[in-house]
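Here is the structure we will look at.
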Amino acid sequence: MTFDIETIPDVDGGRRLYGLDGLSDDDVYEAMSFRQMQKSGSDFLPLHLHRIVAISVAFRSQDGFRVWTLGDESSSEAEMVQRFFDGIERFAPDLVSLNGSGFDLPVLHYRALFHGIDASRYWDNGDDNREYRYNNYLSRFHWRHIDLMDVLAGFQIRARAPLDEVAVMLGYPGKLGMSGDKVWPTYQAGDLKAIRDYCETDVVNTHLVYLHFEHMRGRIDSATLRREQALVRRSIAEMQVAHFEQYLAAWPELASDG
């Protein structure tokens, strides 16, 4: 199960932490960013001050390949986070991400903590299931969660590469004009659908990069790689939605991917 989240500043949390009652969301965000810039030299907020507005997953099972965003546009953050951990509880999937260890999962931890979410299987490190002692979601060097950014960089921060560049390097469309720094203004403009669509294309990019990683480490052969690429192409085409039509138009069909 490949996953990705999109976040906005947790302005309600900022109000409580910094005593900013009475200020607008924009002013609270500006104050939070200024405080962070003074503290660290960057206005990127600490992970406990992010709020999740979209969680998308790409799920490869014996039944095929599916992509969707948890809940709908009216779903609360608590509902989306609970659905994510419910999926782990039900299916115990291998998780795939790009920078999931550095961003997505810590944010999910803080938001699950805040909302009182039950995520017992995710946190199991072998106390309940001995199998998880040597392969769990939490240990950096285990395979139940593969953070492609971390693994491909050899666990060296300075060797990390962004998803967009790796995907484009491999012949995939990448981000198509949207990026994480545009999520907050897009959310303020009321276009949550655009954020959810962007999150879905990100998980497709990540899943396709993961297929190359599986081929590189000998888990799938070249023929299987081509079949899996073709399955992704066919599955998102069948959804008949605009963002994947745009994605497919930017992804030339080559002999190498079926």
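Letters A, B, ... go to the chains of the structure tokens in the order shown; residues in each chain start at 1; ligands are counted from 1 in the same order.
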
> Mind checking DSSP for stretch 16-135 of chain A and telling me the alpha helix (DSSP H) residues as an MDAnalysis selection string?
Replying inline: chainID A and resid 16:18 25:40 77:91 105:115 120:123

> Out of stretch 33-143 of chain A, which residues get strand (DSSP E or B) from DSSP, as a ChimeraX atom specification?
Replying inline: /A:50-61,64-69,95-97

Only N, CA, C and O atoms, please: the residues just picked out, written as a PDB file, in the first residue's frame.
ATOM      1  N   HIS A  50       1.287  20.422  11.788  1.00  0.00           N
ATOM      2  CA  HIS A  50       0.653  20.187  10.499  1.00  0.00           C
ATOM      3  C   HIS A  50      -0.699  19.522  10.718  1.00  0.00           C
ATOM      4  O   HIS A  50      -0.868  18.714  11.639  1.00  0.00           O
ATOM      5  N   ARG A  51      -1.657  19.860   9.869  1.00  0.00           N
ATOM      6  CA  ARG A  51      -2.971  19.196   9.880  1.00  0.00           C
ATOM      7  C   ARG A  51      -3.194  18.526   8.538  1.00  0.00           C
ATOM      8  O   ARG A  51      -2.934  19.117   7.488  1.00  0.00           O
ATOM      9  N   ILE A  52      -3.675  17.300   8.560  1.00  0.00           N
ATOM     10  CA  ILE A  52      -3.833  16.508   7.347  1.00  0.00           C
ATOM     11  C   ILE A  52      -5.147  16.857   6.652  1.00  0.00           C
ATOM     12  O   ILE A  52      -6.208  16.878   7.286  1.00  0.00           O
ATOM     13  N   VAL A  53      -5.072  17.113   5.334  1.00  0.00           N
ATOM     14  CA  VAL A  53      -6.277  17.393   4.565  1.00  0.00           C
ATOM     15  C   VAL A  53      -6.522  16.346   3.477  1.00  0.00           C
ATOM     16  O   VAL A  53      -7.591  16.346   2.858  1.00  0.00           O
ATOM     17  N   ALA A  54      -5.558  15.462   3.242  1.00  0.00           N
ATOM     18  CA  ALA A  54      -5.758  14.391   2.259  1.00  0.00           C
ATOM     19  C   ALA A  54      -4.788  13.252   2.562  1.00  0.00           C
ATOM     20  O   ALA A  54      -3.632  13.493   2.916  1.00  0.00           O
ATOM     21  N   ILE A  55      -5.299  12.033   2.441  1.00  0.00           N
ATOM     22  CA  ILE A  55      -4.472  10.826   2.500  1.00  0.00           C
ATOM     23  C   ILE A  55      -4.864   9.978   1.301  1.00  0.00           C
ATOM     24  O   ILE A  55      -6.013   9.537   1.195  1.00  0.00           O
ATOM     25  N   SER A  56      -3.931   9.762   0.394  1.00  0.00           N
ATOM     26  CA  SER A  56      -4.200   8.931  -0.789  1.00  0.00           C
ATOM     27  C   SER A  56      -3.392   7.649  -0.701  1.00  0.00           C
ATOM     28  O   SER A  56      -2.287   7.624  -0.149  1.00  0.00           O
ATOM     29  N   VAL A  57      -3.956   6.582  -1.260  1.00  0.00           N
ATOM     30  CA  VAL A  57      -3.280   5.291  -1.253  1.00  0.00           C
ATOM     31  C   VAL A  57      -3.379   4.655  -2.634  1.00  0.00           C
ATOM     32  O   VAL A  57      -4.359   4.843  -3.356  1.00  0.00           O
ATOM     33  N   ALA A  58      -2.339   3.910  -2.983  1.00  0.00           N
ATOM     34  CA  ALA A  58      -2.342   3.046  -4.162  1.00  0.00           C
ATOM     35  C   ALA A  58      -2.178   1.626  -3.635  1.00  0.00           C
ATOM     36  O   ALA A  58      -1.165   1.319  -2.999  1.00  0.00           O
ATOM     37  N   PHE A  59      -3.177   0.789  -3.895  1.00  0.00           N
ATOM     38  CA  PHE A  59      -3.227  -0.533  -3.269  1.00  0.00           C
ATOM     39  C   PHE A  59      -3.098  -1.608  -4.337  1.00  0.00           C
ATOM     40  O   PHE A  59      -3.941  -1.722  -5.227  1.00  0.00           O
ATOM     41  N   ARG A  60      -2.024  -2.374  -4.248  1.00  0.00           N
ATOM     42  CA  ARG A  60      -1.805  -3.487  -5.163  1.00  0.00           C
ATOM     43  C   ARG A  60      -2.066  -4.781  -4.414  1.00  0.00           C
ATOM     44  O   ARG A  60      -1.400  -5.099  -3.434  1.00  0.00           O
ATOM     45  N   SER A  61      -3.069  -5.524  -4.860  1.00  0.00           N
ATOM     46  CA  SER A  61      -3.427  -6.790  -4.238  1.00  0.00           C
ATOM     47  C   SER A  61      -3.635  -7.830  -5.327  1.00  0.00           C
ATOM     48  O   SER A  61      -3.468  -7.553  -6.525  1.00  0.00           O
ATOM     49  N   GLY A  64      -5.944  -6.699  -8.101  1.00  0.00           N
ATOM     50  CA  GLY A  64      -5.589  -5.675  -9.067  1.00  0.00           C
ATOM     51  C   GLY A  64      -4.934  -4.475  -8.418  1.00  0.00           C
ATOM     52  O   GLY A  64      -4.301  -4.578  -7.358  1.00  0.00           O
ATOM     53  N   PHE A  65      -5.122  -3.310  -9.035  1.00  0.00           N
ATOM     54  CA  PHE A  65      -4.488  -2.071  -8.597  1.00  0.00           C
ATOM     55  C   PHE A  65      -5.551  -0.994  -8.470  1.00  0.00           C
ATOM     56  O   PHE A  65      -6.342  -0.782  -9.397  1.00  0.00           O
ATOM     57  N   ARG A  66      -5.585  -0.335  -7.320  1.00  0.00           N
ATOM     58  CA  ARG A  66      -6.568   0.729  -7.080  1.00  0.00           C
ATOM     59  C   ARG A  66      -5.876   1.957  -6.500  1.00  0.00           C
ATOM     60  O   ARG A  66      -4.902   1.830  -5.756  1.00  0.00           O
ATOM     61  N   VAL A  67      -6.414   3.131  -6.841  1.00  0.00           N
ATOM     62  CA  VAL A  67      -5.950   4.395  -6.269  1.00  0.00           C
ATOM     63  C   VAL A  67      -7.165   5.154  -5.773  1.00  0.00           C
ATOM     64  O   VAL A  67      -8.163   5.271  -6.494  1.00  0.00           O
ATOM     65  N   TRP A  68      -7.090   5.664  -4.567  1.00  0.00           N
ATOM     66  CA  TRP A  68      -8.183   6.497  -4.065  1.00  0.00           C
ATOM     67  C   TRP A  68      -7.698   7.347  -2.902  1.00  0.00           C
ATOM     68  O   TRP A  68      -6.611   7.124  -2.370  1.00  0.00           O
ATOM     69  N   THR A  69      -8.511   8.334  -2.558  1.00  0.00           N
ATOM     70  CA  THR A  69      -8.240   9.183  -1.407  1.00  0.00           C
ATOM     71  C   THR A  69      -9.238   8.845  -0.314  1.00  0.00           C
ATOM     72  O   THR A  69     -10.436   8.705  -0.580  1.00  0.00           O
ATOM     73  N   LEU A  95       3.895  -1.201   3.619  1.00  0.00           N
ATOM     74  CA  LEU A  95       3.721   0.213   3.297  1.00  0.00           C
ATOM     75  C   LEU A  95       4.884   0.702   2.447  1.00  0.00           C
ATOM     76  O   LEU A  95       6.028   0.313   2.673  1.00  0.00           O
ATOM     77  N   VAL A  96       4.560   1.553   1.485  1.00  0.00           N
ATOM     78  CA  VAL A  96       5.573   2.172   0.625  1.00  0.00           C
ATOM     79  C   VAL A  96       5.337   3.674   0.630  1.00  0.00           C
ATOM     80  O   VAL A  96       4.191   4.132   0.507  1.00  0.00           O
ATOM     81  N   SER A  97       6.406   4.431   0.778  1.00  0.00           N
ATOM     82  CA  SER A  97       6.287   5.886   0.772  1.00  0.00           C
ATOM     83  C   SER A  97       7.554   6.481   0.183  1.00  0.00           C
ATOM     84  O   SER A  97       8.527   5.777  -0.092  1.00  0.00           O
TER      85      SER A  97
END

> So how far away is atom CA of A:His243 from atom CA of A:Val203, in Å?
Replying inline: 12.9 Å

>> Counting only C-alpha atoms, which residue out of A:Ile236, A:Ala249, A:Ile146, A:Leu192 sits closest to A:Leu176?
In response: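 Under the stated criterion, the closest residue is A:Ala249.
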
>> I want to know what sits within 12 Å of A:Phe244, based on only C-alpha atoms, with residues of the same chain fewer than 5 positions away left out; could you give that as JSON, numbers by chain?
In response: {"A": [67, 68, 173, 174, 175, 176, 197, 198, 199, 200, 201, 202, 203, 204, 205, 232, 233, 234, 235, 236, 237, 238, 239, 249, 250, 251]}

Could you write those residues out with C-alpha atoms, as a compact mmCIF listing (two decimals), in the first residue's frame?
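Output saved as part.txt:
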# COMPACT_ATOMS: atom_id res chain seq x y z
CA VAL A 67 -5.95 4.40 -6.27
CA TRP A 68 -8.18 6.50 -4.06
CA PRO A 173 5.05 12.70 -15.54
CA GLY A 174 5.95 13.85 -12.03
CA LYS A 175 3.90 16.56 -10.33
CA LEU A 176 2.33 18.32 -13.35
CA ASP A 197 -6.20 14.84 -7.05
CA TYR A 198 -2.60 15.95 -6.60
CA CYS A 199 -2.15 13.52 -3.73
CA GLU A 200 -3.43 10.67 -5.92
CA THR A 201 -0.97 11.42 -8.71
CA ASP A 202 1.82 11.50 -6.13
CA VAL A 203 1.02 7.98 -4.93
CA VAL A 204 0.95 6.73 -8.53
CA ASN A 205 4.38 8.29 -9.13
CA VAL A 232 -1.22 0.94 -13.53
CA ARG A 233 -1.84 2.60 -16.87
CA ARG A 234 -4.98 0.56 -17.53
CA SER A 235 -6.35 0.97 -14.01
CA ILE A 236 -6.08 4.75 -13.87
CA ALA A 237 -7.43 5.07 -17.42
CA GLU A 238 -10.53 3.13 -16.38
CA MET A 239 -11.21 5.68 -13.63
CA ALA A 249 -1.32 12.27 -21.64
CA ALA A 250 2.05 13.21 -20.12
CA TRP A 251 3.16 9.57 -19.85

> Of the candidates A:Leu98, A:Val209, A:Leu138, A:Leu148, which one gets nearest to A:Ala167 if we count only C-alpha atoms?
Replying inline: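 So, comparing all the options, the nearest one is A:Val209.
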
Residues of stretch 82-176 of chain A at most 7 Å from stretch 39-48 of chain A: nearest atom pair and distance in Å, only C-alpha atoms, as JSON lines:
{"residue": "A:Pro106", "atom": "CA", "partner": "A:Leu47", "partner_atom": "CA", "distance": 7.0}
{"residue": "A:Val107", "atom": "CA", "partner": "A:Leu47", "partner_atom": "CA", "distance": 5.6}
{"residue": "A:Tyr110", "atom": "CA", "partner": "A:His48", "partner_atom": "CA", "distance": 5.8}

Convert the current residue selection to file output with N, CA, C and O atoms, as a compact mmCIF listing (two decimals), in the first residue's frame.
# COMPACT_ATOMS: atom_id res chain seq x y z
N PRO A 106 5.41 10.50 10.89
CA PRO A 106 5.39 11.31 12.11
C PRO A 106 4.17 12.23 12.21
O PRO A 106 3.60 12.39 13.30
N VAL A 107 3.76 12.83 11.09
CA VAL A 107 2.55 13.66 11.13
C VAL A 107 1.34 12.81 11.49
O VAL A 107 0.51 13.19 12.33
N TYR A 110 1.29 12.16 15.25
CA TYR A 110 0.81 13.29 16.07
C TYR A 110 -0.70 13.49 15.93
O TYR A 110 -1.39 13.76 16.92

> Within 12 Å of A:Leu17, counting only C-alpha atoms, which residues qualify if same-chain residues fewer than 2 places away don't, as number ranges by chain?
Replying inline: A: 10-15, 19-21, 28, 31-32, 35, 48-49

> Nearest to A:Ala92: which of A:Met1, A:Leu170, A:Leu113, A:Met80 is it, counting only C-alpha atoms?
Replying inline: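 Nearest candidate to A:Ala92 out of A:Met1, A:Leu170, A:Leu113, A:Met80: A:Met1.
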